[in-house]
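Listing of upload.tsv; format and content: TSV, C-alpha atoms.
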chain	number	residue	atom	x	y	z
A	13	MET	CA	-22.03	-60.27	36.89
A	14	LYS	CA	-18.46	-59.67	35.71
A	15	LYS	CA	-19.63	-59.92	32.11
A	16	ILE	CA	-22.31	-57.27	32.73
A	17	LEU	CA	-19.81	-54.88	34.35
A	18	THR	CA	-17.37	-55.41	31.54
A	19	LEU	CA	-20.09	-54.68	28.99
A	20	VAL	CA	-21.11	-51.47	30.83
A	21	VAL	CA	-17.49	-50.24	31.03
A	22	LEU	CA	-16.90	-51.07	27.38
A	23	THR	CA	-20.10	-49.24	26.43
A	24	LEU	CA	-18.99	-46.16	28.40
A	25	ILE	CA	-15.55	-46.21	26.78
A	26	LEU	CA	-17.04	-46.51	23.30
A	27	SER	CA	-19.55	-43.77	24.12
A	28	CYS	CA	-16.83	-41.41	25.33
A	29	SER	CA	-14.72	-42.24	22.30
A	30	THR	CA	-17.64	-41.54	19.99
A	31	ASN	CA	-18.40	-38.25	21.75
A	32	GLU	CA	-14.77	-37.19	21.45
A	33	THR	CA	-14.84	-38.03	17.74
A	34	ILE	CA	-18.03	-36.07	17.22
A	35	GLU	CA	-16.63	-33.14	19.21
A	36	GLN	CA	-13.39	-33.24	17.21
A	37	GLU	CA	-15.31	-33.32	13.94
A	38	THR	CA	-17.56	-30.41	14.87
A	39	THR	CA	-14.73	-28.23	16.19
A	40	SER	CA	-12.24	-28.67	13.35
A	41	PHE	CA	-11.44	-25.71	11.09
A	42	PRO	CA	-13.64	-25.62	7.96
A	43	THR	CA	-12.08	-26.78	4.69
A	44	ASP	CA	-12.43	-26.12	0.93
A	45	ILE	CA	-13.18	-22.45	1.62
A	46	SER	CA	-13.82	-20.19	-1.38
A	47	LEU	CA	-14.93	-16.62	-1.99
A	48	PRO	CA	-16.72	-15.12	-5.00
A	49	ALA	CA	-14.46	-13.53	-7.63
A	50	GLU	CA	-16.66	-10.46	-8.21
A	51	PRO	CA	-16.30	-7.19	-6.27
A	52	ILE	CA	-18.78	-6.70	-3.45
A	53	SER	CA	-20.20	-3.54	-1.89
A	54	VAL	CA	-20.40	-2.39	1.70
A	55	GLY	CA	-23.69	-3.62	3.19
A	56	ASP	CA	-23.96	-6.60	0.83
A	57	ILE	CA	-24.10	-10.19	2.04
A	58	LEU	CA	-20.91	-12.15	1.32
A	59	THR	CA	-21.31	-15.91	0.98
A	60	ILE	CA	-18.25	-17.86	2.13
A	61	ASN	CA	-18.53	-21.41	0.80
A	62	GLY	CA	-16.78	-24.37	2.38
A	63	SER	CA	-17.17	-27.63	4.24
A	64	GLY	CA	-17.49	-28.34	7.93
A	65	PHE	CA	-19.23	-25.23	9.25
A	66	SER	CA	-21.46	-25.76	12.28
A	67	GLU	CA	-24.48	-23.76	13.36
A	68	ASN	CA	-23.50	-24.28	17.01
A	69	GLU	CA	-20.03	-22.71	16.71
A	70	ASN	CA	-18.71	-19.15	16.81
A	71	TYR	CA	-16.82	-17.85	13.76
A	72	ILE	CA	-15.16	-14.47	13.32
A	73	VAL	CA	-14.76	-12.99	9.84
A	74	THR	CA	-12.39	-10.01	9.65
A	75	PHE	CA	-12.01	-7.77	6.61
A	76	THR	CA	-8.98	-5.66	5.80
A	77	GLY	CA	-9.11	-2.55	7.96
A	78	ASP	CA	-9.84	-4.64	11.10
A	79	ALA	CA	-13.52	-4.58	10.15
A	80	LEU	CA	-15.59	-7.39	11.69
A	81	GLY	CA	-18.25	-8.94	9.49
A	82	ILE	CA	-21.74	-9.56	10.86
A	83	ILE	CA	-22.61	-13.25	10.43
A	84	ASN	CA	-26.27	-13.60	9.44
A	85	GLU	CA	-26.52	-17.30	8.64
A	86	ILE	CA	-24.50	-20.49	9.14
A	87	SER	CA	-25.04	-23.78	7.35
A	88	ALA	CA	-22.86	-26.84	6.95
A	89	ASN	CA	-21.49	-25.52	3.66
A	90	SER	CA	-21.47	-21.74	4.01
A	91	LEU	CA	-21.31	-18.58	6.09
A	92	LYS	CA	-23.33	-15.52	5.10
A	93	VAL	CA	-21.65	-12.32	6.28
A	94	GLU	CA	-22.70	-8.68	5.98
A	95	VAL	CA	-19.83	-6.48	4.71
A	96	PRO	CA	-19.27	-3.74	7.34
A	97	GLU	CA	-18.93	-0.03	6.55
A	98	ASN	CA	-15.20	0.24	7.30
A	99	ALA	CA	-14.20	-2.85	5.28
A	100	LEU	CA	-11.38	-2.29	2.77
A	101	SER	CA	-10.33	-4.23	-0.29
A	102	GLY	CA	-7.79	-6.95	0.48
A	103	ASP	CA	-7.44	-10.11	2.54
A	104	ILE	CA	-10.25	-11.66	4.58
A	105	THR	CA	-9.52	-13.87	7.59
A	106	LEU	CA	-11.60	-16.52	9.34
A	107	SER	CA	-10.98	-17.16	13.04
A	108	PHE	CA	-12.25	-20.26	14.79
A	109	ASN	CA	-11.13	-22.36	17.75
A	110	ASN	CA	-7.99	-20.20	18.29
A	111	ILE	CA	-6.97	-20.55	14.63
A	112	THR	CA	-6.93	-17.62	12.20
A	113	GLN	CA	-6.38	-18.13	8.48
A	114	VAL	CA	-6.48	-15.87	5.42
A	115	ILE	CA	-9.29	-17.37	3.34
A	116	GLY	CA	-9.05	-15.14	0.29
A	117	SER	CA	-9.09	-11.59	-1.03
A	118	LEU	CA	-11.90	-9.38	-2.29
A	119	VAL	CA	-12.44	-5.98	-3.82
A	120	ILE	CA	-14.76	-4.01	-1.56
A	121	GLU	CA	-16.67	-1.23	-3.28
A	122	ASP	CA	-17.54	1.58	-0.87
A	123	ASN	CA	-19.58	4.20	-2.70
A	124	SER	CA	-19.49	6.50	0.32
A	125	ASN	CA	-15.89	7.43	-0.48
A	126	THR	CA	-14.52	8.75	-3.74
A	127	GLU	CA	-10.85	8.30	-4.54
A	128	ASN	CA	-9.18	11.07	-6.54
A	129	VAL	CA	-5.75	10.92	-8.13
A	130	TYR	CA	-3.58	14.02	-8.39
A	131	LEU	CA	-0.35	14.72	-10.29
A	132	TYR	CA	2.03	17.64	-10.62
A	133	TYR	CA	2.14	18.72	-14.27
A	134	GLU	CA	5.70	20.04	-14.27
A	135	SER	CA	5.84	21.77	-17.65
A	136	GLN	CA	2.77	23.89	-16.82
A	137	GLY	CA	3.12	24.29	-13.06
A	138	PHE	CA	-0.36	22.80	-12.55
A	139	ILE	CA	-1.81	20.42	-10.02
A	140	VAL	CA	-4.14	18.21	-12.06
A	141	LYS	CA	-6.78	15.68	-11.08
A	142	LEU	CA	-6.77	12.47	-13.10
A	143	ASP	CA	-9.87	10.40	-13.78
A	144	ILE	CA	-8.29	7.00	-13.25
A	145	GLU	CA	-10.97	5.26	-15.31
A	146	THR	CA	-10.78	7.44	-18.43
A	147	GLY	CA	-7.40	9.20	-18.26
A	148	GLU	CA	-9.05	12.64	-18.46
A	149	LEU	CA	-7.37	15.58	-16.71
A	150	GLU	CA	-8.81	18.53	-14.83
A	151	VAL	CA	-6.81	21.51	-13.55
A	152	THR	CA	-7.06	21.73	-9.77
A	153	ARG	CA	-4.66	24.62	-9.35
A	154	ASP	CA	-2.53	26.52	-11.85
A	155	GLY	CA	0.27	29.01	-11.25
A	156	ILE	CA	2.19	26.68	-8.91
A	157	ALA	CA	5.72	28.04	-9.30
A	158	ASN	CA	8.22	25.29	-9.90
A	159	GLY	CA	9.95	24.85	-6.56
A	160	GLY	CA	12.89	22.89	-7.96
A	161	ASP	CA	13.43	19.20	-8.71
A	162	THR	CA	10.33	17.28	-7.58
A	163	ILE	CA	11.18	14.53	-5.07
A	164	GLY	CA	7.66	13.23	-4.41
A	165	ALA	CA	4.43	14.02	-2.62
A	166	VAL	CA	2.21	12.82	0.22
A	167	TYR	CA	-1.50	13.11	0.94
A	168	ASN	CA	-2.64	14.29	4.37
A	169	SER	CA	-6.03	12.65	4.90
A	170	GLN	CA	-6.64	14.62	8.10
A	171	THR	CA	-6.54	17.98	6.29
A	172	ASN	CA	-7.27	16.85	2.69
A	173	GLU	CA	-3.99	18.39	1.53
A	174	TYR	CA	-1.66	17.47	-1.33
A	175	ILE	CA	1.95	18.17	-0.28
A	176	VAL	CA	4.65	18.18	-2.96
A	177	PHE	CA	8.39	18.42	-2.17
A	178	PHE	CA	11.24	19.99	-4.14
A	179	ASN	CA	15.04	20.10	-4.00
A	180	ASN	CA	17.06	23.13	-5.02
A	181	THR	CA	19.58	25.36	-3.22
A	182	ASP	CA	16.82	26.00	-0.68
A	183	PRO	CA	14.66	22.83	-0.41
A	184	ASN	CA	10.96	23.59	-0.11
A	185	TYR	CA	7.46	22.20	-0.34
A	186	ILE	CA	4.02	23.37	-1.41
A	187	VAL	CA	0.81	22.48	0.44
A	188	ILE	CA	-2.36	22.52	-1.68
A	189	ASP	CA	-5.71	22.50	0.09
A	190	LEU	CA	-7.77	20.18	-2.13
A	191	ASN	CA	-11.02	21.68	-0.86
A	192	THR	CA	-10.18	25.20	-2.04
A	193	GLY	CA	-7.21	24.67	-4.37
A	194	GLU	CA	-5.21	27.26	-2.40
A	195	PRO	CA	-1.44	26.68	-2.21
A	196	THR	CA	0.90	27.57	0.65
A	197	PHE	CA	4.65	27.75	0.03
A	198	HIS	CA	7.12	26.63	2.70
A	199	ALA	CA	10.91	26.46	3.01
A	200	ILE	CA	12.42	23.40	4.66
A	201	ASP	CA	13.93	24.79	7.87
A	202	PRO	CA	16.94	26.93	6.83
A	203	SER	CA	17.81	27.43	10.52
A	204	PHE	CA	18.23	23.68	11.12
A	205	SER	CA	21.71	23.32	12.63
A	206	LEU	CA	22.79	20.70	10.07
A	207	ILE	CA	21.67	22.65	6.98
A	208	VAL	CA	24.60	23.88	4.86
A	209	GLY	CA	22.74	25.85	2.20
A	210	ASP	CA	25.19	25.18	-0.62
A	211	GLY	CA	22.96	22.94	-2.72
A	212	THR	CA	24.04	19.69	-1.04
A	213	ASP	CA	21.06	19.64	1.34
A	214	VAL	CA	19.18	17.07	-0.69
A	215	PHE	CA	16.05	15.41	0.70
A	216	SER	CA	14.17	12.39	-0.67
A	217	ALA	CA	11.63	9.63	-0.03
A	218	PRO	CA	8.82	11.53	1.76
A	219	VAL	CA	6.16	9.55	3.63
A	220	ILE	CA	3.33	10.49	5.97
A	221	ASP	CA	2.19	8.36	8.91
A	222	ASP	CA	-1.32	7.79	10.26
A	223	ASN	CA	-1.01	10.84	12.53
A	224	GLY	CA	-0.02	13.24	9.76
A	225	LYS	CA	3.69	13.27	10.65
A	226	VAL	CA	5.97	13.64	7.62
A	227	TYR	CA	9.39	11.99	7.29
A	228	LEU	CA	12.19	12.50	4.75
A	229	ILE	CA	15.68	11.18	4.18
A	230	TYR	CA	18.35	13.89	4.46
A	231	GLU	CA	20.80	12.43	1.97
A	232	ARG	CA	23.92	14.41	2.85
A	233	LEU	CA	23.80	12.97	6.38
A	234	SER	CA	22.17	9.63	5.44
A	235	SER	CA	19.63	10.41	8.14
A	236	LEU	CA	15.87	10.36	8.66
A	237	VAL	CA	14.26	13.65	9.70
A	238	GLU	CA	10.74	14.56	10.74
A	239	LEU	CA	9.28	17.66	9.10
A	240	ASN	CA	6.77	19.88	10.87
A	241	ILE	CA	4.49	20.55	7.92
A	242	GLU	CA	3.09	23.74	9.48
A	243	THR	CA	6.41	25.45	10.23
A	244	GLY	CA	9.03	23.70	8.07
A	245	GLU	CA	11.08	22.81	11.15
A	246	LEU	CA	13.14	19.62	11.13
A	247	ASN	CA	13.86	17.08	13.83
A	248	LEU	CA	16.63	14.50	13.46
A	249	ILE	CA	15.25	10.99	14.04
A	250	SER	CA	17.95	8.48	13.07
A	251	ASP	CA	21.10	8.09	11.00
A	252	GLY	CA	22.20	4.94	9.12
A	253	PHE	CA	20.20	5.50	5.90
A	254	ASN	CA	23.02	4.91	3.43
A	255	GLY	CA	21.87	1.84	1.52
A	256	GLY	CA	22.55	3.13	-2.04
A	257	ASP	CA	20.52	5.09	-4.60
A	258	ILE	CA	17.15	5.80	-2.99
A	259	LEU	CA	14.21	4.61	-5.08
A	260	GLY	CA	11.52	5.58	-2.59
A	261	ALA	CA	9.97	4.81	0.79
A	262	ILE	CA	6.74	3.54	2.31
A	263	PHE	CA	5.11	3.70	5.73
A	264	ASN	CA	3.83	0.49	7.30
A	265	SER	CA	0.94	1.48	9.56
A	266	GLN	CA	0.69	-2.04	11.00
A	267	THR	CA	4.23	-1.93	12.42
A	268	ASN	CA	4.76	1.86	12.58
A	269	GLU	CA	7.85	1.50	10.38
A	270	TYR	CA	9.47	3.84	7.86
A	271	ILE	CA	10.89	1.62	5.11
A	272	ALA	CA	13.37	3.06	2.59
A	273	LEU	CA	14.29	1.08	-0.54
A	274	TYR	CA	17.55	1.37	-2.45
A	275	ASN	CA	19.12	0.35	-5.75
A	276	ASN	CA	22.79	-0.54	-6.04
A	277	THR	CA	24.62	-3.69	-7.17
A	278	ASP	CA	22.74	-5.47	-4.38
A	279	PRO	CA	19.31	-3.81	-3.95
A	280	ASN	CA	18.23	-3.50	-0.33
A	281	TYR	CA	15.93	-1.78	2.12
A	282	ILE	CA	16.19	-0.26	5.58
A	283	LYS	CA	13.42	-0.40	8.18
A	284	LEU	CA	13.14	2.00	11.11
A	285	ASN	CA	10.61	1.32	13.84
A	286	LEU	CA	9.35	4.81	14.69
A	287	THR	CA	8.31	3.69	18.18
A	288	THR	CA	11.53	2.00	19.32
A	289	LEU	CA	13.92	3.61	16.75
A	290	GLU	CA	15.28	0.11	16.08
A	291	LEU	CA	16.96	0.03	12.64
A	292	SER	CA	17.37	-3.08	10.46
A	293	PHE	CA	19.04	-3.59	7.07
A	294	GLU	CA	17.75	-6.22	4.61
A	295	PRO	CA	18.92	-7.30	1.12
A	296	ILE	CA	16.27	-7.75	-1.58
A	297	ASP	CA	16.19	-11.49	-2.26
A	298	PRO	CA	19.55	-12.35	-3.93
A	299	SER	CA	18.30	-15.93	-4.46
A	300	PHE	CA	15.34	-14.82	-6.61
A	301	SER	CA	15.65	-16.79	-9.84
A	302	PHE	CA	15.62	-13.66	-12.05
A	303	ILE	CA	18.24	-11.70	-10.09
A	304	ILE	CA	21.51	-11.26	-12.02
A	305	GLY	CA	23.54	-9.24	-9.52
A	306	ASP	CA	25.41	-7.19	-12.13
A	307	GLY	CA	23.84	-3.84	-11.27
A	308	THR	CA	20.94	-4.13	-13.76
A	309	ASP	CA	18.50	-5.41	-11.12
A	310	VAL	CA	16.78	-2.05	-10.74
A	311	PHE	CA	13.55	-1.69	-8.76
A	312	SER	CA	11.20	1.30	-8.56
A	313	ALA	CA	7.76	2.62	-7.60
A	314	PRO	CA	7.19	0.96	-4.21
A	315	VAL	CA	3.70	0.88	-2.68
A	316	ILE	CA	2.15	-0.86	0.32
A	317	ASP	CA	-1.41	-2.21	0.43
A	318	ASN	CA	-3.93	-2.42	3.28
A	319	ASN	CA	-2.49	-5.74	4.45
A	320	GLY	CA	1.12	-4.55	4.62
A	321	LYS	CA	2.09	-6.25	1.36
A	322	VAL	CA	4.77	-4.35	-0.57
A	323	TYR	CA	4.95	-4.18	-4.37
A	324	LEU	CA	7.75	-2.93	-6.67
A	325	ILE	CA	8.43	-2.72	-10.38
A	326	TYR	CA	11.41	-4.84	-11.43
A	327	GLU	CA	12.53	-2.67	-14.32
A	328	ARG	CA	14.81	-5.12	-16.14
A	329	LEU	CA	11.83	-7.48	-16.57
A	330	SER	CA	9.15	-4.74	-16.77
A	331	SER	CA	7.36	-6.76	-14.10
A	332	LEU	CA	5.59	-6.24	-10.79
A	333	VAL	CA	6.96	-8.19	-7.82
A	334	GLU	CA	5.75	-8.59	-4.26
A	335	LEU	CA	8.39	-8.09	-1.56
A	336	ASN	CA	8.11	-9.95	1.74
A	337	ILE	CA	9.20	-7.12	4.00
A	338	GLU	CA	10.17	-9.54	6.79
A	339	THR	CA	12.43	-11.83	4.77
A	340	GLY	CA	13.35	-9.90	1.60
A	341	GLU	CA	11.92	-12.67	-0.59
A	342	LEU	CA	10.37	-11.76	-3.95
A	343	ASN	CA	7.35	-13.17	-5.75
A	344	LEU	CA	6.66	-12.42	-9.42
A	345	ILE	CA	3.12	-11.02	-9.82
A	346	SER	CA	2.73	-9.74	-13.39
A	347	ASP	CA	4.71	-8.56	-16.40
A	348	GLY	CA	3.69	-5.84	-18.87
A	349	PHE	CA	4.99	-2.79	-16.94
A	350	ASN	CA	6.87	-1.14	-19.79
A	351	GLY	CA	5.09	2.19	-20.21
A	352	GLY	CA	8.20	4.43	-20.30
A	353	ASP	CA	10.16	6.31	-17.64
A	354	ILE	CA	8.60	5.43	-14.30
A	355	LEU	CA	7.57	8.48	-12.25
A	356	GLY	CA	5.92	6.63	-9.36
A	357	ALA	CA	2.99	4.50	-8.28
A	358	ILE	CA	0.00	4.54	-5.95
A	359	TYR	CA	-2.23	1.91	-4.35
A	360	SER	CA	-6.02	2.15	-4.55
A	361	PRO	CA	-7.72	0.65	-1.46
A	362	LYS	CA	-11.10	1.04	-3.14
A	363	THR	CA	-10.29	-1.19	-6.11
A	364	ASN	CA	-7.25	-3.08	-4.74
A	365	GLU	CA	-5.18	-1.86	-7.70
A	366	TYR	CA	-1.49	-1.07	-8.15
A	367	ILE	CA	-1.27	1.94	-10.48
A	368	ALA	CA	2.09	2.90	-12.05
A	369	PHE	CA	2.68	6.16	-13.92
A	370	PHE	CA	5.10	6.71	-16.78
A	371	ASN	CA	6.54	9.67	-18.67
A	372	ASN	CA	7.46	9.43	-22.34
A	373	THR	CA	6.28	11.29	-25.46
A	374	ASP	CA	2.78	10.13	-24.53
A	375	PRO	CA	2.51	9.94	-20.71
A	376	ASN	CA	0.48	6.96	-19.50
A	377	TYR	CA	-0.34	4.69	-16.60
A	378	ILE	CA	-0.84	0.98	-16.04
A	379	LYS	CA	-3.33	-0.51	-13.58
A	380	LEU	CA	-3.10	-4.01	-12.14
A	381	ASN	CA	-5.99	-5.43	-10.15
A	382	LEU	CA	-4.23	-7.35	-7.37
A	383	THR	CA	-7.24	-9.65	-6.90
A	384	SER	CA	-7.93	-10.69	-10.50
A	385	LEU	CA	-4.46	-9.75	-11.91
A	386	GLU	CA	-6.24	-8.00	-14.78
A	387	LEU	CA	-3.90	-5.46	-16.40
A	388	SER	CA	-5.01	-2.31	-18.24
A	389	PHE	CA	-3.02	0.40	-20.04
A	390	LYS	CA	-4.24	4.02	-20.18
A	391	PRO	CA	-2.86	7.16	-21.88
A	392	ILE	CA	-2.96	10.37	-19.86
A	393	ASP	CA	-5.56	12.54	-21.63
A	394	PRO	CA	-4.03	13.46	-25.04
A	395	SER	CA	-7.00	15.79	-25.68
A	396	PHE	CA	-6.25	17.92	-22.61
A	397	SER	CA	-5.93	21.50	-23.92
A	398	PHE	CA	-2.48	22.04	-22.40
A	399	ILE	CA	-0.93	18.82	-23.72
A	400	THR	CA	1.73	19.52	-26.37
A	401	GLY	CA	2.67	15.95	-27.28
A	402	ASP	CA	6.28	16.94	-27.99
A	403	GLY	CA	7.85	15.12	-25.05
A	404	THR	CA	7.74	18.09	-22.66
A	405	ASP	CA	4.52	16.98	-20.96
A	406	VAL	CA	6.17	15.73	-17.78
A	407	PHE	CA	4.11	14.63	-14.79
A	408	SER	CA	5.34	13.71	-11.30
A	409	ALA	CA	4.44	13.21	-7.65
A	410	PRO	CA	1.24	11.08	-7.89
A	411	ILE	CA	-1.00	10.76	-4.84
A	412	ILE	CA	-4.43	9.28	-4.19
A	413	SER	CA	-6.89	11.02	-1.91
A	414	ALA	CA	-9.72	9.54	0.11
A	415	ASN	CA	-12.33	12.15	-0.74
Could you express the structure from this file as structure tokens?
Amino acid sequence: MKKILTLVVLTLILSCSTNETIEQETTSFPTDISLPAEPISVGDILTINGSGFSENENYIVTFTGDALGIINEISANSLKVEVPENALSGDITLSFNNITQVIGSLVIEDNSNTENVYLYYESQGFIVKLDIETGELEVTRDGIANGGDTIGAVYNSQTNEYIVFFNNTDPNYIVIDLNTGEPTFHAIDPSFSLIVGDGTDVFSAPVIDDNGKVYLIYERLSSLVELNIETGELNLISDGFNGGDILGAIFNSQTNEYIALYNNTDPNYIKLNLTTLELSFEPIDPSFSFIIGDGTDVFSAPVIDNNGKVYLIYERLSSLVELNIETGELNLISDGFNGGDILGAIYSPKTNEYIAFFNNTDPNYIKLNLTSLELSFKPIDPSFSFITGDGTDVFSAPIISAN
């Protein structure tokens, strides 16, 4: 009798152990995951290959833009997912059993939206549209009086407006309605209590947030101000923006942060949380193997992608680097960025490309696909009827529109 009981207990223990093993095997995170290298379109079926998927489990596939994929089929070695309408190019995550991992990156082609690139053609006073595939130019608006030294531009997606900023004795900006081409000229608030009006009221590093609010650095006071784009009125947000020579700024929509980047002997950046107004100062990775620290470590043309990744050109190496905005660490992405004097860069969500623009005798731009790392070099339309080719064809203030 004792032998029988012992056998029953042992059988139960082994059975429970086996069940636990089976349960552990079926609920572990899938392995050997891979994505196709080719771009994919909205509405297509994406096949995610791997090992250890289970038909009885729930998986969540999230595309950049917080777009949830619709899972159509599960097998032991793959997931088939429909690409949702609001999916953007960039990272894709898989969530399962309280674990979320980035499983790769894809270019998402959404033919419902057309990206257009615009530049300010300084020598002619034109706003031009650039065909980013061919380099051809088209005049969007001529007769834009030069408002002074161009400090940059932003695109307001809510109003489809190109907004370009200028410094002179009276800083100003011009708003161009991209639907009609009509410009509106504005002065930056001359009644602002801190404005001096003697030519030292220099502004820089404009960005626009997701709500259409525009921010600038007021250099004389090393402060961040908010600009009411309708009236030109200014509102002081925060001081402490004195990190060196300003190379530009970005807006991180994921953290609601204004991030200004600086060059000096020790390049750095300053982050301001626009919700809490908490300010933090970070050095750009002094331990990066290529950093010299003698003042020649110059960075330029910052952009931020859909996943909050920040990219810069490291001019001494003519290379693109990725900046970890939390730690300051750098990662070398690609060389070959030696097109001339850098006027700025944009990020294309549609193609997941970093696009840098250069001025020299023959203005040009360089595109890097951040998924495939394929690099291409393009001249800005030398056949454009207004191009002189004598070195005076200066472009500035690039933006990319969503329609």
Next on the checklist: Calculated over all atoms listed in the file, which of the candidates A:Ile104, A:Val119, A:Leu284, A:Ala88 has the smallest distance to Ile52 (chain A)?
Outcome noted: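 For Ile52 (chain A), the nearest of the candidates is A:Val119.
Taking only C-alpha atoms into account, Asp143 (chain A) lies nearest to A:Leu131 out of the set A:Thr267, A:Leu131, A:Ile220, A:Ser66.
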Can you find the residues with an atom no farther than 9 Å from (-10.5, -1.2, 6.7), counting only C-alpha atoms, and report them as a PDB file with C-alpha atoms, keeping the file's coordinate frame?
ATOM      1  CA  PHE A  75     -12.010  -7.770   6.610  1.00  0.00           C
ATOM      2  CA  THR A  76      -8.980  -5.660   5.800  1.00  0.00           C
ATOM      3  CA  GLY A  77      -9.110  -2.550   7.960  1.00  0.00           C
ATOM      4  CA  ASP A  78      -9.840  -4.640  11.100  1.00  0.00           C
ATOM      5  CA  ALA A  79     -13.520  -4.580  10.150  1.00  0.00           C
ATOM      6  CA  GLU A  97     -18.930  -0.030   6.550  1.00  0.00           C
ATOM      7  CA  ASN A  98     -15.200   0.240   7.300  1.00  0.00           C
ATOM      8  CA  ALA A  99     -14.200  -2.850   5.280  1.00  0.00           C
ATOM      9  CA  LEU A 100     -11.380  -2.290   2.770  1.00  0.00           C
ATOM     10  CA  SER A 101     -10.330  -4.230  -0.290  1.00  0.00           C
ATOM     11  CA  GLY A 102      -7.790  -6.950   0.480  1.00  0.00           C
ATOM     12  CA  ASN A 318      -3.930  -2.420   3.280  1.00  0.00           C
ATOM     13  CA  PRO A 361      -7.720   0.650  -1.460  1.00  0.00           C
TER      14      PRO A 361
END
Item to check | Distance of CA of Arg232 (chain A) from CA of Ala368 (chain A), expressed in Å to one decimal place | outcome: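 CA of Ala368 (chain A) sits 28.8 Å away from CA of Arg232 (chain A).
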Checklist entry - Just how far from CA of Leu332 (chain A) is CA of Gly401 (chain A), in Å to one decimal? => result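 If I compute the distance from CA of Gly401 (chain A) to CA of Leu332 (chain A), I get 27.8 Å.
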Next on the checklist: Report, in Å with one decimal, the straight-line distance from CA of Ser117 (chain A) to CA of Ala357 (chain A).
Outcome noted: 21.4 Å
Next on the checklist: Calculated over all atoms listed in the file, which of the candidates A:Glu294, A:Glu334, A:Asp251, A:Glu327 has the smallest distance to Gly351 (chain A)?
Outcome noted: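 Of all the options, A:Glu327 lies closest to Gly351 (chain A).
Of the listed residues (A:Leu342, A:Leu206, A:Ala49, A:Ile60), A:Leu342 comes nearest to Pro298 (chain A); the distances count only C-alpha atoms.
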Checklist entry - Which residues, written as a count of residues only, have at least one atom at most 10 Å from Ile412 (chain A), with only C-alpha atoms counted and residues fewer than 2 positions away on the same chain left out? => result 19
Checklist entry - Could you name the residues that touch Thr196 (chain A) at 7 Å or less, counting all atoms listed in the file, but leaving out those on the same chain fewer than 2 positions away, as an MDAnalysis selection string? => result chainID A and resid 186:188 194 198
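Shortest separation to Phe389 (chain A) among A:Tyr230, A:Phe302, A:Phe369, A:Phe407 occurs at residue A:Phe369, atoms counted being all atoms listed in the file.
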Close residues, Ala261 (chain A) itself excluded, 12 Å, only C-alpha atoms, min 2 positions apart in chain, as a PDB file with C-alpha atoms, in the frame of the given file:
ATOM      1  CA  ILE A 163      11.180  14.530  -5.070  1.00  0.00           C
ATOM      2  CA  GLY A 164       7.660  13.230  -4.410  1.00  0.00           C
ATOM      3  CA  ALA A 165       4.430  14.020  -2.620  1.00  0.00           C
ATOM      4  CA  VAL A 166       2.210  12.820   0.220  1.00  0.00           C
ATOM      5  CA  SER A 216      14.170  12.390  -0.670  1.00  0.00           C
ATOM      6  CA  ALA A 217      11.630   9.630  -0.030  1.00  0.00           C
ATOM      7  CA  PRO A 218       8.820  11.530   1.760  1.00  0.00           C
ATOM      8  CA  VAL A 219       6.160   9.550   3.630  1.00  0.00           C
ATOM      9  CA  ILE A 220       3.330  10.490   5.970  1.00  0.00           C
ATOM     10  CA  ASP A 221       2.190   8.360   8.910  1.00  0.00           C
ATOM     11  CA  VAL A 226       5.970  13.640   7.620  1.00  0.00           C
ATOM     12  CA  TYR A 227       9.390  11.990   7.290  1.00  0.00           C
ATOM     13  CA  LEU A 228      12.190  12.500   4.750  1.00  0.00           C
ATOM     14  CA  ILE A 229      15.680  11.180   4.180  1.00  0.00           C
ATOM     15  CA  LEU A 236      15.870  10.360   8.660  1.00  0.00           C
ATOM     16  CA  PHE A 253      20.200   5.500   5.900  1.00  0.00           C
ATOM     17  CA  ASP A 257      20.520   5.090  -4.600  1.00  0.00           C
ATOM     18  CA  ILE A 258      17.150   5.800  -2.990  1.00  0.00           C
ATOM     19  CA  LEU A 259      14.210   4.610  -5.080  1.00  0.00           C
ATOM     20  CA  PHE A 263       5.110   3.700   5.730  1.00  0.00           C
ATOM     21  CA  ASN A 264       3.830   0.490   7.300  1.00  0.00           C
ATOM     22  CA  GLU A 269       7.850   1.500  10.380  1.00  0.00           C
ATOM     23  CA  TYR A 270       9.470   3.840   7.860  1.00  0.00           C
ATOM     24  CA  ILE A 271      10.890   1.620   5.110  1.00  0.00           C
ATOM     25  CA  ALA A 272      13.370   3.060   2.590  1.00  0.00           C
ATOM     26  CA  LEU A 273      14.290   1.080  -0.540  1.00  0.00           C
ATOM     27  CA  TYR A 274      17.550   1.370  -2.450  1.00  0.00           C
ATOM     28  CA  ASN A 280      18.230  -3.500  -0.330  1.00  0.00           C
ATOM     29  CA  TYR A 281      15.930  -1.780   2.120  1.00  0.00           C
ATOM     30  CA  ILE A 282      16.190  -0.260   5.580  1.00  0.00           C
ATOM     31  CA  LYS A 283      13.420  -0.400   8.180  1.00  0.00           C
ATOM     32  CA  LEU A 284      13.140   2.000  11.110  1.00  0.00           C
ATOM     33  CA  SER A 312      11.200   1.300  -8.560  1.00  0.00           C
ATOM     34  CA  ALA A 313       7.760   2.620  -7.600  1.00  0.00           C
ATOM     35  CA  PRO A 314       7.190   0.960  -4.210  1.00  0.00           C
ATOM     36  CA  VAL A 315       3.700   0.880  -2.680  1.00  0.00           C
ATOM     37  CA  ILE A 316       2.150  -0.860   0.320  1.00  0.00           C
ATOM     38  CA  VAL A 322       4.770  -4.350  -0.570  1.00  0.00           C
ATOM     39  CA  TYR A 323       4.950  -4.180  -4.370  1.00  0.00           C
ATOM     40  CA  LEU A 324       7.750  -2.930  -6.670  1.00  0.00           C
ATOM     41  CA  GLY A 356       5.920   6.630  -9.360  1.00  0.00           C
ATOM     42  CA  ALA A 357       2.990   4.500  -8.280  1.00  0.00           C
TER      43      ALA A 357
END
